[in-house]
Amino acid sequence: MLLNYEDTNTNNEENNNINLDLDKFRQRFKISNFFNELSCKWIIHESENYVKNNGGWLTDRHEGYPTTDIELISLPSVFSFFMYSVIPNIKDQFEKNYCIKINKFDIRDAFIVKYDMENQRNLSMHYDGAESNFTASILLNDEFKGCGIYYKDGCTIYPEIGDLIIHNKTHHHSVLELLEGTRYIIVLFIKIN
């Protein structure tokens, strides 16, 4: 767990489990322009600067579905900005879009993924984060072709720079093949009660 937001004004006897079988949790959402382009470029710059000085991108953090990534916590300025300014807004988007009051919002993993022509170009069909029940992602750039998010139900989403995508862990999905350029995305695995 990287960060935990807990509402201490809730009744402790209340059942705080989220039933992912409810229809409203089967929905996924795209929130356009969640980040501005300048913030996205800054995060990419900080990421590439960090990996240049610290041995490169990691490829062994996620068993079964490895990604070329770095943990957000590795970038102290980005991590602080994200956790204290961005996470509350993401929490608000979950509450607004799923019509719920969140009592506990745990970030289980936060990382930046890089897709490029020499390394990771796609990600096969999978479910996200074993210890989480929701996923949020923010696309950081648009200098690439391909890499849509394909859901098993036949829907493909092509986010634009700064868009926030949210879905629960039951959404079986893949990332389609990168055809050109480099794609950067922030991914959060979240446990909500």
# chains A, B, ... in the order shown; residues from 1 in each chain; ligands from 1
call {"tool": "closest_atom_pairs", "arguments": {"of": "region 32-80 of chain A", "to": "region 145-166 of chain A", "cutoff": "12 Å", "atoms": "only C-alpha atoms", "output": "tab-separated table"}}
result
residue	atom	partner	partner_atom	distance
A:Ser32	CA	A:Asp163	CA	4.5
A:Asn33	CA	A:Gly162	CA	5.0
A:Phe34	CA	A:Asp163	CA	5.3
A:Phe35	CA	A:Gly162	CA	4.3
A:Asn36	CA	A:Gly162	CA	5.8
A:Glu37	CA	A:Gly162	CA	6.5
A:Leu38	CA	A:Gly162	CA	9.6
A:Ser39	CA	A:Gly162	CA	8.6
A:Cys40	CA	A:Gly162	CA	6.8
A:Lys41	CA	A:Ile161	CA	9.9
A:Ile43	CA	A:Gly162	CA	11.4
call {"tool": "residues_around", "arguments": {"residues": "Lys91 (chain A)", "least_positions_apart": "6", "cutoff": "12 Å", "atoms": "only C-alpha atoms", "output": "list in words"}}
result
Asn4, Tyr5, Glu6, Asp7, Met83, Tyr84, Ser85, Asn97, Tyr98, Cys99, Ile100, Lys101, Ile102, Asn103, Lys104, Phe105, Asp106, Ile107, Phe134, Thr135, Ala136, Leu164, Ile166, Leu188, Ile190, Lys191, Ile192 and Asn193 of chain A
call {"tool": "select_by_dssp", "arguments": {"residues": "region 6-185 of chain A", "states": "strand (DSSP E)", "output": "PyMOL selection string"}}
result
chain A and resi 6+29-31+69-71+104-115+123-126+134-139+144-146+149-151+156-157+164-168+173-175+178-181+183-185
call {"tool": "write_last_selection", "arguments": {"atoms": "N, CA and C atoms", "output": "compact mmCIF listing (two decimals), in the first residue's frame"}}
result
# COMPACT_ATOMS: atom_id res chain seq x y z
N GLU A 6 -8.70 7.40 4.46
CA GLU A 6 -9.79 6.76 5.17
C GLU A 6 -10.69 7.82 5.77
N PHE A 29 -15.22 4.21 -17.25
CA PHE A 29 -15.40 5.63 -17.57
C PHE A 29 -14.12 6.22 -18.14
N LYS A 30 -14.30 7.18 -19.05
CA LYS A 30 -13.21 7.99 -19.57
C LYS A 30 -13.51 9.43 -19.20
N ILE A 31 -12.63 10.02 -18.40
CA ILE A 31 -12.78 11.42 -18.00
C ILE A 31 -11.77 12.20 -18.83
N ASP A 69 8.23 -0.62 -16.75
CA ASP A 69 7.69 0.44 -15.90
C ASP A 69 8.67 0.90 -14.83
N ILE A 70 8.29 1.93 -14.11
CA ILE A 70 8.95 2.36 -12.88
C ILE A 70 7.85 2.73 -11.89
N GLU A 71 8.15 2.51 -10.62
CA GLU A 71 7.20 2.88 -9.59
C GLU A 71 7.16 4.40 -9.44
N LYS A 104 -12.65 3.97 2.42
CA LYS A 104 -11.22 3.68 2.44
C LYS A 104 -10.73 3.56 1.00
N PHE A 105 -9.67 4.30 0.66
CA PHE A 105 -9.13 4.39 -0.69
C PHE A 105 -7.64 4.12 -0.62
N ASP A 106 -7.23 2.88 -0.89
CA ASP A 106 -5.82 2.48 -0.79
C ASP A 106 -5.20 2.36 -2.17
N ILE A 107 -4.08 3.03 -2.38
CA ILE A 107 -3.32 2.87 -3.60
C ILE A 107 -2.37 1.70 -3.37
N ARG A 108 -2.61 0.58 -4.06
CA ARG A 108 -1.81 -0.63 -3.87
C ARG A 108 -0.56 -0.64 -4.74
N ASP A 109 -0.63 0.00 -5.90
CA ASP A 109 0.52 0.10 -6.80
C ASP A 109 0.29 1.31 -7.69
N ALA A 110 1.33 2.08 -7.92
CA ALA A 110 1.27 3.24 -8.80
C ALA A 110 2.55 3.24 -9.62
N PHE A 111 2.42 3.23 -10.94
CA PHE A 111 3.60 3.09 -11.78
C PHE A 111 3.37 3.74 -13.14
N ILE A 112 4.49 4.04 -13.80
CA ILE A 112 4.47 4.60 -15.14
C ILE A 112 4.94 3.52 -16.10
N VAL A 113 4.14 3.24 -17.13
CA VAL A 113 4.47 2.21 -18.11
C VAL A 113 4.92 2.88 -19.40
N LYS A 114 5.95 2.29 -19.99
CA LYS A 114 6.46 2.76 -21.27
C LYS A 114 6.32 1.66 -22.32
N TYR A 115 5.65 1.98 -23.42
CA TYR A 115 5.57 1.10 -24.58
C TYR A 115 6.43 1.73 -25.66
N LEU A 123 0.22 -5.63 -24.42
CA LEU A 123 -0.01 -6.38 -23.18
C LEU A 123 -1.19 -7.30 -23.44
N SER A 124 -1.00 -8.59 -23.22
CA SER A 124 -2.04 -9.57 -23.53
C SER A 124 -3.23 -9.45 -22.58
N MET A 125 -4.29 -10.15 -22.91
CA MET A 125 -5.55 -10.10 -22.16
C MET A 125 -5.30 -10.47 -20.70
N HIS A 126 -5.81 -9.65 -19.78
CA HIS A 126 -5.54 -9.85 -18.36
C HIS A 126 -6.57 -9.13 -17.50
N PHE A 134 -10.07 -1.93 -8.20
CA PHE A 134 -10.28 -0.94 -9.26
C PHE A 134 -8.94 -0.52 -9.85
N THR A 135 -9.01 0.01 -11.07
CA THR A 135 -7.83 0.52 -11.78
C THR A 135 -8.14 1.90 -12.31
N ALA A 136 -7.14 2.77 -12.22
CA ALA A 136 -7.20 4.08 -12.86
C ALA A 136 -5.94 4.23 -13.71
N SER A 137 -6.07 4.84 -14.87
CA SER A 137 -4.89 5.09 -15.70
C SER A 137 -5.04 6.46 -16.36
N ILE A 138 -3.89 7.10 -16.59
CA ILE A 138 -3.86 8.41 -17.24
C ILE A 138 -2.85 8.35 -18.38
N LEU A 139 -3.31 8.62 -19.60
CA LEU A 139 -2.41 8.65 -20.75
C LEU A 139 -1.58 9.93 -20.71
N PHE A 144 2.33 8.54 -30.69
CA PHE A 144 2.39 7.13 -31.03
C PHE A 144 1.15 6.76 -31.83
N LYS A 145 1.20 5.56 -32.43
CA LYS A 145 0.03 5.00 -33.11
C LYS A 145 -0.21 3.61 -32.55
N GLY A 146 -1.49 3.23 -32.46
CA GLY A 146 -1.85 1.92 -31.92
C GLY A 146 -2.11 2.00 -30.43
N ILE A 149 -6.89 0.40 -25.76
CA ILE A 149 -7.25 -0.51 -24.68
C ILE A 149 -8.44 -1.32 -25.18
N TYR A 150 -8.24 -2.62 -25.36
CA TYR A 150 -9.28 -3.49 -25.89
C TYR A 150 -9.88 -4.30 -24.75
N TYR A 151 -11.19 -4.20 -24.59
CA TYR A 151 -11.91 -4.97 -23.57
C TYR A 151 -12.52 -6.20 -24.20
N THR A 156 -13.13 -0.97 -27.72
CA THR A 156 -11.75 -0.47 -27.72
C THR A 156 -11.78 1.01 -27.42
N ILE A 157 -10.95 1.42 -26.47
CA ILE A 157 -10.85 2.83 -26.08
C ILE A 157 -9.49 3.36 -26.52
N LEU A 164 -8.32 10.26 -18.10
CA LEU A 164 -8.35 9.29 -17.00
C LEU A 164 -9.33 8.19 -17.37
N ILE A 165 -8.90 6.94 -17.28
CA ILE A 165 -9.75 5.77 -17.51
C ILE A 165 -9.90 5.05 -16.17
N ILE A 166 -11.14 4.70 -15.80
CA ILE A 166 -11.36 3.92 -14.57
C ILE A 166 -12.26 2.72 -14.88
N HIS A 167 -11.92 1.60 -14.25
CA HIS A 167 -12.74 0.38 -14.34
C HIS A 167 -12.44 -0.51 -13.16
N ASN A 168 -13.31 -1.49 -12.92
CA ASN A 168 -13.04 -2.40 -11.81
C ASN A 168 -12.21 -3.58 -12.30
N HIS A 173 -9.10 -7.17 -20.16
CA HIS A 173 -8.68 -6.26 -21.22
C HIS A 173 -7.23 -6.51 -21.64
N SER A 174 -6.86 -5.91 -22.74
CA SER A 174 -5.48 -5.97 -23.23
C SER A 174 -5.11 -4.60 -23.77
N VAL A 175 -3.82 -4.43 -24.07
CA VAL A 175 -3.35 -3.23 -24.75
C VAL A 175 -2.89 -3.70 -26.13
N LEU A 178 1.54 -1.59 -30.28
CA LEU A 178 2.08 -0.29 -30.64
C LEU A 178 2.58 -0.37 -32.07
N LEU A 179 2.17 0.56 -32.90
CA LEU A 179 2.55 0.54 -34.32
C LEU A 179 3.67 1.52 -34.64
N GLU A 180 3.78 2.56 -33.81
CA GLU A 180 4.77 3.60 -34.08
C GLU A 180 4.91 4.48 -32.84
N GLY A 181 6.12 4.97 -32.56
CA GLY A 181 6.34 5.93 -31.49
C GLY A 181 6.54 5.29 -30.13
N ARG A 183 4.66 5.27 -26.10
CA ARG A 183 3.46 5.56 -25.31
C ARG A 183 3.80 5.48 -23.83
N TYR A 184 3.38 6.50 -23.07
CA TYR A 184 3.57 6.54 -21.62
C TYR A 184 2.21 6.63 -20.94
N ILE A 185 2.04 5.88 -19.87
CA ILE A 185 0.78 5.90 -19.14
C ILE A 185 1.03 5.65 -17.66
call {"tool": "closest_residue", "arguments": {"among": "A:Tyr50, A:Leu140, A:Tyr127, A:Pro76", "to": "His171 (chain A)", "atoms": "only C-alpha atoms"}}
result
A:Tyr127
call {"tool": "select_by_dssp", "arguments": {"residues": "region 43-146 of chain A", "states": "helix (DSSP H, G or I)", "output": "PyMOL selection string"}}
result
chain A and resi 43-53+72-74+76-98
call {"tool": "write_last_selection", "arguments": {"atoms": "N, CA and C atoms", "output": "mmCIF file, in the first residue's frame"}}
result
data_model
loop_
_atom_site.group_PDB
_atom_site.id
_atom_site.type_symbol
_atom_site.label_atom_id
_atom_site.label_comp_id
_atom_site.auth_asym_id
_atom_site.auth_seq_id
_atom_site.Cartn_x
_atom_site.Cartn_y
_atom_site.Cartn_z
ATOM 1 N N ILE A 43 5.935 14.808 -16.202
ATOM 2 C CA ILE A 43 6.047 13.458 -15.646
ATOM 3 C C ILE A 43 6.900 12.568 -16.556
ATOM 4 N N ILE A 44 6.718 12.674 -17.866
ATOM 5 C CA ILE A 44 7.550 11.901 -18.797
ATOM 6 C C ILE A 44 9.011 12.312 -18.655
ATOM 7 N N HIS A 45 9.261 13.615 -18.611
ATOM 8 C CA HIS A 45 10.638 14.113 -18.458
ATOM 9 C C HIS A 45 11.272 13.582 -17.172
ATOM 10 N N GLU A 46 10.554 13.661 -16.074
ATOM 11 C CA GLU A 46 11.072 13.172 -14.790
ATOM 12 C C GLU A 46 11.330 11.663 -14.845
ATOM 13 N N SER A 47 10.459 10.924 -15.510
ATOM 14 C CA SER A 47 10.619 9.472 -15.637
ATOM 15 C C SER A 47 11.874 9.119 -16.421
ATOM 16 N N GLU A 48 12.020 9.711 -17.586
ATOM 17 C CA GLU A 48 13.179 9.408 -18.433
ATOM 18 C C GLU A 48 14.481 9.869 -17.772
ATOM 19 N N ASN A 49 14.450 10.982 -17.085
ATOM 20 C CA ASN A 49 15.633 11.462 -16.366
ATOM 21 C C ASN A 49 16.009 10.486 -15.255
ATOM 22 N N TYR A 50 15.017 9.973 -14.540
ATOM 23 C CA TYR A 50 15.270 9.013 -13.468
ATOM 24 C C TYR A 50 15.882 7.724 -14.022
ATOM 25 N N VAL A 51 15.292 7.143 -15.061
ATOM 26 C CA VAL A 51 15.797 5.865 -15.575
ATOM 27 C C VAL A 51 17.183 6.007 -16.201
ATOM 28 N N LYS A 52 17.471 7.171 -16.772
ATOM 29 C CA LYS A 52 18.792 7.411 -17.351
ATOM 30 C C LYS A 52 19.875 7.335 -16.277
ATOM 31 N N ASN A 53 19.544 7.782 -15.075
ATOM 32 C CA ASN A 53 20.523 7.828 -13.986
ATOM 33 C C ASN A 53 20.420 6.661 -13.010
ATOM 34 N N LEU A 72 5.985 4.925 -9.254
ATOM 35 C CA LEU A 72 5.811 6.364 -9.089
ATOM 36 C C LEU A 72 6.590 6.881 -7.874
ATOM 37 N N ILE A 73 6.713 6.055 -6.851
ATOM 38 C CA ILE A 73 7.413 6.463 -5.630
ATOM 39 C C ILE A 73 8.901 6.729 -5.893
ATOM 40 N N SER A 74 9.432 6.230 -7.017
ATOM 41 C CA SER A 74 10.832 6.468 -7.380
ATOM 42 C C SER A 74 11.092 7.912 -7.791
ATOM 43 N N PRO A 76 10.350 11.344 -6.439
ATOM 44 C CA PRO A 76 9.804 12.037 -5.266
ATOM 45 C C PRO A 76 8.929 13.260 -5.568
ATOM 46 N N SER A 77 9.334 14.102 -6.511
ATOM 47 C CA SER A 77 8.526 15.303 -6.790
ATOM 48 C C SER A 77 7.198 14.921 -7.437
ATOM 49 N N VAL A 78 7.226 13.980 -8.377
ATOM 50 C CA VAL A 78 6.005 13.528 -9.035
ATOM 51 C C VAL A 78 5.116 12.792 -8.037
ATOM 52 N N PHE A 79 5.729 11.952 -7.215
ATOM 53 C CA PHE A 79 4.972 11.191 -6.221
ATOM 54 C C PHE A 79 4.230 12.127 -5.265
ATOM 55 N N SER A 80 4.913 13.136 -4.741
ATOM 56 C CA SER A 80 4.272 14.096 -3.825
ATOM 57 C C SER A 80 3.128 14.830 -4.504
ATOM 58 N N PHE A 81 3.387 15.349 -5.699
ATOM 59 C CA PHE A 81 2.349 16.038 -6.456
ATOM 60 C C PHE A 81 1.147 15.122 -6.673
ATOM 61 N N PHE A 82 1.423 13.908 -7.065
ATOM 62 C CA PHE A 82 0.371 12.975 -7.411
ATOM 63 C C PHE A 82 -0.454 12.567 -6.199
ATOM 64 N N MET A 83 0.221 12.178 -5.135
ATOM 65 C CA MET A 83 -0.480 11.643 -3.976
ATOM 66 C C MET A 83 -1.286 12.699 -3.216
ATOM 67 N N TYR A 84 -0.792 13.915 -3.191
ATOM 68 C CA TYR A 84 -1.481 14.922 -2.380
ATOM 69 C C TYR A 84 -2.345 15.885 -3.186
ATOM 70 N N SER A 85 -2.142 15.941 -4.497
ATOM 71 C CA SER A 85 -2.973 16.817 -5.323
ATOM 72 C C SER A 85 -3.882 16.043 -6.272
ATOM 73 N N VAL A 86 -3.402 14.941 -6.831
ATOM 74 C CA VAL A 86 -4.143 14.223 -7.863
ATOM 75 C C VAL A 86 -5.049 13.141 -7.278
ATOM 76 N N ILE A 87 -4.544 12.377 -6.320
ATOM 77 C CA ILE A 87 -5.323 11.262 -5.762
ATOM 78 C C ILE A 87 -6.673 11.711 -5.207
ATOM 79 N N PRO A 88 -6.772 12.807 -4.463
ATOM 80 C CA PRO A 88 -8.105 13.231 -4.007
ATOM 81 C C PRO A 88 -9.078 13.482 -5.168
ATOM 82 N N ASN A 89 -8.574 13.998 -6.285
ATOM 83 C CA ASN A 89 -9.429 14.220 -7.454
ATOM 84 C C ASN A 89 -9.842 12.900 -8.108
ATOM 85 N N ILE A 90 -8.941 11.924 -8.116
ATOM 86 C CA ILE A 90 -9.300 10.613 -8.653
ATOM 87 C C ILE A 90 -10.359 9.963 -7.763
ATOM 88 N N LYS A 91 -10.174 10.067 -6.453
ATOM 89 C CA LYS A 91 -11.165 9.540 -5.505
ATOM 90 C C LYS A 91 -12.535 10.173 -5.767
ATOM 91 N N ASP A 92 -12.554 11.488 -5.978
ATOM 92 C CA ASP A 92 -13.811 12.188 -6.282
ATOM 93 C C ASP A 92 -14.451 11.660 -7.562
ATOM 94 N N GLN A 93 -13.639 11.355 -8.583
ATOM 95 C CA GLN A 93 -14.174 10.815 -9.836
ATOM 96 C C GLN A 93 -14.805 9.439 -9.625
ATOM 97 N N PHE A 94 -14.181 8.608 -8.784
ATOM 98 C CA PHE A 94 -14.771 7.302 -8.475
ATOM 99 C C PHE A 94 -16.120 7.481 -7.781
ATOM 100 N N GLU A 95 -16.175 8.372 -6.788
ATOM 101 C CA GLU A 95 -17.425 8.595 -6.060
ATOM 102 C C GLU A 95 -18.508 9.132 -6.994
ATOM 103 N N LYS A 96 -18.147 10.077 -7.833
ATOM 104 C CA LYS A 96 -19.110 10.700 -8.742
ATOM 105 C C LYS A 96 -19.617 9.709 -9.796
ATOM 106 N N ASN A 97 -18.703 8.990 -10.443
ATOM 107 C CA ASN A 97 -19.094 8.119 -11.546
ATOM 108 C C ASN A 97 -19.775 6.832 -11.101
ATOM 109 N N TYR A 98 -19.382 6.295 -9.942
ATOM 110 C CA TYR A 98 -20.009 5.061 -9.455
ATOM 111 C C TYR A 98 -21.105 5.328 -8.419
#
call {"tool": "closest_residue", "arguments": {"among": "A:Asn122, A:Asn17, A:Asn54, A:Ser132", "to": "Thr182 (chain A)", "atoms": "only C-alpha atoms"}}
result
A:Asn122
call {"tool": "atom_distance", "arguments": {"atom1": "CA of Trp42 (chain A)", "atom2": "CA of Leu58 (chain A)"}}
result
20.1 Å
call {"tool": "closest_residue", "arguments": {"among": "A:Asp116, A:Thr170, A:Gly64, A:Ile186", "to": "Asp21 (chain A)", "atoms": "only C-alpha atoms"}}
result
A:Thr170
call {"tool": "closest_residue", "arguments": {"among": "A:Leu22, A:Gln120, A:Thr68, A:Asp128", "to": "Leu176 (chain A)", "atoms": "only C-alpha atoms"}}
result
A:Gln120
call {"tool": "atom_distance", "arguments": {"atom1": "CA of Arg26 (chain A)", "atom2": "CA of Asn133 (chain A)"}}
result
11.8 Å
call {"tool": "closest_residue", "arguments": {"among": "A:His172, A:Glu118, A:Phe189, A:Glu177", "to": "Ala130 (chain A)", "atoms": "only C-alpha atoms"}}
result
A:Phe189
